[in-house]
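J.: One structure follows; several queries about it will come next.
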Amino acid sequence: MEIREWATRVLGANTLEEKLFCPNELTDFEPGPAQFWKEPCRPPGMEFKRHSKKEKLPAFHEHRDQDKRAVCLHRFAGHELLAVEIMAHALVAFPEAPIRFRRGVANTLREEQGHVRLYIDRMEALGLKFGDLPLYRHFWSYVPHLTSPIRYISVVSLTFEMANLDFAPLYGQSFARVGDRESAALMEQILEDEISHVSFGWNWLKKLKSPESSEWDAWEQCLPPLMTPKRARGFIVMENHRTRAGIPQEWIEKLKHS
Ligand SMILES: [Fe+2]
Ligand SMILES: [Fe+2]
């Protein structure tokens, strides 16, 4: 199947099965004209809802409660589904990007589909069904800003996915602390994949930026107006995960002090 056809199917899917569909073989002979979607289609009941302050993520001290952990997993699954859709959008929006870039985004998309499945399985084991709680527009709000491959990797790989190098292990440690080994192992798997997603972003930042600008400046200039470098980190910057993604120490230091 052509990458374009697959990505269009994912964006237009109105069942979860179709959102998570991935053909065995992908070709990219006809990336076609650029397409921009205002919103992805959603399965009934999974449409974007307004986010209210009441629907906060359960605090860490509440993780002993299985239902609260399931709520966390539901929120994370929502993020993964958005990642699936944003990556599908990049594939229809940037037909002229280098083929290796498109292949990399397609691979990442497939892994994000896997993440949605992992979270669904685990939340079901904890007694919650995906779609039982509201799902939000969240990351999708930034899609209008993602007008080029370098903006895409700056915001998606090097900001949101990079922040997950801190958040995923933080939640993993908290789940482990309350004895939920399965959920902790799931967060570990997410972290491992996320390291390679960040690494993909970093490698392309080096290739796509102008030779005169530093990586840091090129990245910062690609962020939307109200997004600061802080969005690329959690409360604690876990340096070793970034080092494993190939991020140089100098960059990590700048992030730590941002
Ligand atoms: Fe993911
Ligand atoms: Fe990712």
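Chain identifiers are assigned as A, B, and so on, following the order in which chains appear in the structure tokens; residues are numbered from 1 within each chain, and ligands are numbered from 1 in order of appearance.
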Neighbouring residues of A:Ile153 were defined as those with any atom within 9 Å, considering only C-alpha atoms; residues of the same chain fewer than 3 positions away were excluded. Please report them as an NGL selection string.
T.: :A and (146 or 148-150 or 156-159 or 198 or 200-202 or 204-205 or 219)
J.: For the residues in that selection, give me N, CA, C and O atoms as an mmCIF file, in the first residue's frame.
T.:
data_model
loop_
_atom_site.group_PDB
_atom_site.id
_atom_site.type_symbol
_atom_site.label_atom_id
_atom_site.label_comp_id
_atom_site.auth_asym_id
_atom_site.auth_seq_id
_atom_site.Cartn_x
_atom_site.Cartn_y
_atom_site.Cartn_z
ATOM 1 N N LEU A 146 2.581 23.211 12.035
ATOM 2 C CA LEU A 146 3.540 22.221 11.506
ATOM 3 C C LEU A 146 3.551 22.259 9.977
ATOM 4 O O LEU A 146 3.069 21.339 9.324
ATOM 5 N N SER A 148 6.220 22.509 7.924
ATOM 6 C CA SER A 148 7.406 21.995 7.236
ATOM 7 C C SER A 148 7.974 20.840 8.053
ATOM 8 O O SER A 148 7.728 20.758 9.257
ATOM 9 N N PRO A 149 8.765 19.980 7.403
ATOM 10 C CA PRO A 149 9.356 18.869 8.167
ATOM 11 C C PRO A 149 10.177 19.343 9.374
ATOM 12 O O PRO A 149 10.112 18.723 10.435
ATOM 13 N N ILE A 150 10.898 20.457 9.249
ATOM 14 C CA ILE A 150 11.736 20.872 10.398
ATOM 15 C C ILE A 150 10.865 21.359 11.562
ATOM 16 O O ILE A 150 11.171 21.119 12.731
ATOM 17 N N VAL A 156 7.152 17.932 17.443
ATOM 18 C CA VAL A 156 6.711 16.576 17.819
ATOM 19 C C VAL A 156 7.860 15.784 18.443
ATOM 20 O O VAL A 156 7.783 15.367 19.606
ATOM 21 N N SER A 157 8.950 15.584 17.700
ATOM 22 C CA SER A 157 10.014 14.703 18.208
ATOM 23 C C SER A 157 10.836 15.373 19.310
ATOM 24 O O SER A 157 11.165 14.731 20.306
ATOM 25 N N LEU A 158 11.177 16.651 19.092
ATOM 26 C CA LEU A 158 12.161 17.256 19.995
ATOM 27 C C LEU A 158 11.522 18.072 21.120
ATOM 28 O O LEU A 158 12.233 18.655 21.926
ATOM 29 N N THR A 159 10.202 18.129 21.159
ATOM 30 C CA THR A 159 9.549 18.791 22.291
ATOM 31 C C THR A 159 8.621 17.800 23.004
ATOM 32 O O THR A 159 8.903 17.374 24.120
ATOM 33 N N VAL A 198 13.040 10.355 19.480
ATOM 34 C CA VAL A 198 13.755 11.616 19.690
ATOM 35 C C VAL A 198 15.028 11.626 18.833
ATOM 36 O O VAL A 198 15.374 12.637 18.213
ATOM 37 N N PHE A 200 15.471 10.152 16.012
ATOM 38 C CA PHE A 200 15.055 10.454 14.634
ATOM 39 C C PHE A 200 14.945 11.977 14.444
ATOM 40 O O PHE A 200 15.464 12.539 13.481
ATOM 41 N N GLY A 201 14.298 12.647 15.388
ATOM 42 C CA GLY A 201 14.132 14.101 15.303
ATOM 43 C C GLY A 201 15.467 14.822 15.301
ATOM 44 O O GLY A 201 15.705 15.738 14.520
ATOM 45 N N TRP A 202 16.361 14.365 16.171
ATOM 46 C CA TRP A 202 17.668 15.033 16.290
ATOM 47 C C TRP A 202 18.460 14.890 14.985
ATOM 48 O O TRP A 202 19.044 15.853 14.488
ATOM 49 N N TRP A 204 17.380 14.483 12.003
ATOM 50 C CA TRP A 204 16.810 15.316 10.939
ATOM 51 C C TRP A 204 16.953 16.806 11.211
ATOM 52 O O TRP A 204 17.051 17.602 10.281
ATOM 53 N N LEU A 205 17.008 17.185 12.465
ATOM 54 C CA LEU A 205 17.244 18.605 12.767
ATOM 55 C C LEU A 205 18.605 19.001 12.199
ATOM 56 O O LEU A 205 18.756 20.041 11.569
ATOM 57 N N TRP A 219 16.073 24.878 16.464
ATOM 58 C CA TRP A 219 14.934 24.237 17.145
ATOM 59 C C TRP A 219 14.006 25.287 17.759
ATOM 60 O O TRP A 219 12.801 25.283 17.539
#
J.: If you run DSSP over the backbone, which residues in stretch 17-231 of chain A end up helix (DSSP H, G or I)? Put them as number ranges by chain.
T.: A: 17-19, 60-62, 66-93, 99-125, 138-145, 149-177, 181-208, 215-221, 229-231
J.: Please find the residues contacting ligand 1 at a distance of at most 9 Å between atoms, with only C-alpha atoms and all ligand atoms counted, and report them as number ranges by chain.
T.: A: 76-77, 79-81, 83-84, 108-109, 111-116, 161, 164, 190-191, 193-194, 197
J.: Enumerate as a ChimeraX atom specification all residues of stretch 38-208 of chain A assigned to strand (DSSP E) by DSSP on the backbone, naming them with the chain letters and numbers the document uses.
T.: /A:48-49,135-136
J.: Find the residue from A:Lys256, A:Lys129, A:Arg231, A:Arg110 that sits nearest to ligand 2; use only C-alpha atoms and all ligand atoms when measuring.
T.: A:Arg110
J.: Give me, as JSON, numbers by chain, all polymer residues having an atom no more than 12 Å from A:Thr228, counting only C-alpha atoms and skipping those fewer than 3 positions away in the same chain.
T.: {"A": [154, 155, 159, 160, 219, 220, 221, 222, 223, 224, 225, 231, 232, 233, 255, 258]}
J.: What lies within 6 Å of stretch 10-12 of chain A using only C-alpha atoms, ignoring chain neighbours under 3 positions off, as a PDB file with N, CA and C atoms, in the first residue's frame?
T.:
ATOM      1  N   ALA A   7      -1.889   6.762   5.207  1.00  0.00           N
ATOM      2  CA  ALA A   7      -2.024   7.923   6.096  1.00  0.00           C
ATOM      3  C   ALA A   7      -3.424   8.527   5.970  1.00  0.00           C
ATOM      4  N   LYS A  19      -8.030   3.014  12.667  1.00  0.00           N
ATOM      5  CA  LYS A  19      -7.007   3.956  13.150  1.00  0.00           C
ATOM      6  C   LYS A  19      -5.690   3.218  13.387  1.00  0.00           C
ATOM      7  N   PRO A  40      -8.794  15.326  12.316  1.00  0.00           N
ATOM      8  CA  PRO A  40      -8.952  13.933  11.849  1.00  0.00           C
ATOM      9  C   PRO A  40     -10.390  13.470  12.109  1.00  0.00           C
ATOM     10  N   CYS A  41     -10.854  12.456  11.394  1.00  0.00           N
ATOM     11  CA  CYS A  41     -12.135  11.830  11.748  1.00  0.00           C
ATOM     12  C   CYS A  41     -11.885  11.010  13.003  1.00  0.00           C
ATOM     13  N   GLU A  85      -2.231  10.277  14.611  1.00  0.00           N
ATOM     14  CA  GLU A  85      -2.901  11.149  13.641  1.00  0.00           C
ATOM     15  C   GLU A  85      -2.002  12.283  13.159  1.00  0.00           C
TER      16      GLU A  85
END
J.: So which residues touch A:Gln35 within 9 Å, counting only C-alpha atoms, skipping near sequence neighbours fewer than 3 positions away, as a count of residues only?
T.: 6
J.: Quick one: residues within 12 Å of A:Cys72, only C-alpha atoms, excluding same-chain residues fewer than 3 positions away - as a ChimeraX atom specification?
T.: /A:55-60,62-63,65-69,75-79,119-120,122-123,126,128,130,133,167-168,171-172,174-175,183,187
J.: Produce a file of the selected residues containing N, CA and C atoms, as a tab-separated table (two decimals), in the first residue's frame.
T.:
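Output saved as again.tsv:
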chain	number	residue	atom	x	y	z
A	55	GLU	N	-10.94	17.63	35.04
A	55	GLU	CA	-10.40	16.36	34.54
A	55	GLU	C	-8.88	16.32	34.57
A	56	LYS	N	-8.34	16.56	35.73
A	56	LYS	CA	-6.89	16.55	35.91
A	56	LYS	C	-6.38	15.12	35.95
A	57	LEU	N	-5.12	14.95	35.58
A	57	LEU	CA	-4.50	13.63	35.74
A	57	LEU	C	-4.39	13.31	37.23
A	58	PRO	N	-4.71	12.09	37.64
A	58	PRO	CA	-4.56	11.76	39.06
A	58	PRO	C	-3.13	12.04	39.54
A	59	ALA	N	-3.03	12.54	40.76
A	59	ALA	CA	-1.71	12.86	41.33
A	59	ALA	C	-0.96	11.57	41.66
A	60	PHE	N	0.36	11.70	41.80
A	60	PHE	CA	1.18	10.51	42.06
A	60	PHE	C	0.77	9.77	43.34
A	62	GLU	N	-2.00	9.23	44.39
A	62	GLU	CA	-3.24	8.47	44.20
A	62	GLU	C	-3.02	7.17	43.41
A	63	HIS	N	-1.80	6.93	43.00
A	63	HIS	CA	-1.54	5.79	42.11
A	63	HIS	C	-1.77	4.42	42.76
A	65	ASP	N	-4.41	3.52	43.91
A	65	ASP	CA	-5.77	3.18	43.49
A	65	ASP	C	-5.74	2.74	42.01
A	66	GLN	N	-6.16	1.51	41.79
A	66	GLN	CA	-6.12	0.93	40.42
A	66	GLN	C	-6.91	1.78	39.40
A	67	ASP	N	-8.08	2.29	39.83
A	67	ASP	CA	-8.90	3.10	38.93
A	67	ASP	C	-8.16	4.38	38.51
A	68	LYS	N	-7.40	4.92	39.43
A	68	LYS	CA	-6.66	6.16	39.12
A	68	LYS	C	-5.53	5.87	38.14
A	69	ARG	N	-4.92	4.72	38.30
A	69	ARG	CA	-3.85	4.35	37.35
A	69	ARG	C	-4.47	4.15	35.96
A	75	ARG	N	-5.45	8.57	29.56
A	75	ARG	CA	-4.96	9.86	29.06
A	75	ARG	C	-3.76	9.64	28.13
A	76	PHE	N	-2.85	8.75	28.55
A	76	PHE	CA	-1.65	8.51	27.72
A	76	PHE	C	-2.05	7.88	26.39
A	77	ALA	N	-3.03	6.98	26.40
A	77	ALA	CA	-3.49	6.37	25.15
A	77	ALA	C	-4.05	7.44	24.22
A	78	GLY	N	-4.74	8.42	24.82
A	78	GLY	CA	-5.25	9.54	24.03
A	78	GLY	C	-4.12	10.30	23.35
A	79	HIS	N	-3.03	10.49	24.10
A	79	HIS	CA	-1.86	11.18	23.52
A	79	HIS	C	-1.27	10.36	22.37
A	119	TYR	N	-1.47	0.42	25.68
A	119	TYR	CA	-2.24	1.12	26.72
A	119	TYR	C	-3.66	0.57	26.82
A	120	ILE	N	-4.27	0.27	25.66
A	120	ILE	CA	-5.64	-0.25	25.69
A	120	ILE	C	-5.67	-1.57	26.45
A	122	ARG	N	-3.65	-2.71	28.69
A	122	ARG	CA	-3.38	-2.57	30.13
A	122	ARG	C	-4.55	-1.89	30.85
A	123	MET	N	-5.14	-0.86	30.23
A	123	MET	CA	-6.27	-0.19	30.93
A	123	MET	C	-7.45	-1.14	31.03
A	126	LEU	N	-7.13	-3.21	33.89
A	126	LEU	CA	-7.43	-2.45	35.12
A	126	LEU	C	-8.91	-2.03	35.17
A	128	LEU	N	-10.87	-0.48	32.58
A	128	LEU	CA	-11.36	0.70	31.85
A	128	LEU	C	-11.28	0.47	30.35
A	130	PHE	N	-11.04	2.03	26.46
A	130	PHE	CA	-10.59	3.24	25.77
A	130	PHE	C	-11.81	3.92	25.14
A	133	LEU	N	-13.59	7.59	28.81
A	133	LEU	CA	-13.34	8.93	29.35
A	133	LEU	C	-13.15	9.89	28.17
A	167	PHE	N	8.73	12.14	31.54
A	167	PHE	CA	7.43	11.78	32.10
A	167	PHE	C	7.19	10.26	32.12
A	168	ALA	N	7.51	9.58	31.03
A	168	ALA	CA	7.23	8.14	30.98
A	168	ALA	C	7.93	7.40	32.14
A	171	TYR	N	6.27	8.19	35.63
A	171	TYR	CA	5.04	7.42	35.86
A	171	TYR	C	5.38	5.95	36.06
A	172	GLY	N	6.34	5.46	35.27
A	172	GLY	CA	6.75	4.06	35.42
A	172	GLY	C	7.23	3.77	36.83
A	174	SER	N	6.50	5.41	39.51
A	174	SER	CA	5.38	5.53	40.45
A	174	SER	C	4.51	4.26	40.41
A	175	PHE	N	4.26	3.73	39.22
A	175	PHE	CA	3.47	2.50	39.12
A	175	PHE	C	4.22	1.33	39.79
A	183	SER	N	2.14	-2.26	34.49
A	183	SER	CA	2.08	-0.88	34.00
A	183	SER	C	3.47	-0.26	33.97
A	187	MET	N	5.49	1.35	30.67
A	187	MET	CA	6.12	2.67	30.58
A	187	MET	C	7.59	2.54	30.15
J.: Taking only C-alpha atoms into account, which of A:Ile3, A:Ala125, A:Leu20, A:Val71 comes nearest A:Arg103?
T.: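 Using only C-alpha atoms, the shortest distance to A:Arg103 belongs to A:Ile3.
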J.: Using only C-alpha atoms, can you tell me which of A:Met227, A:Val178, A:Met162, A:Leu170 comes closest to A:Ile247?
T.: A:Met162
J.: Kindly give the distance, in Å, that separates atom CA of A:Ile99 and atom CA of A:Lys207, rounded to a single decimal.
T.: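 Calculated distance between atom CA of A:Ile99 and atom CA of A:Lys207 is 13.5 Å.
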J.: Measuring atom to atom with only C-alpha atoms, identify which of A:Asp28, A:Lys49, A:His257, A:Thr15 is nearest to A:Met1.
T.: A:Asp28
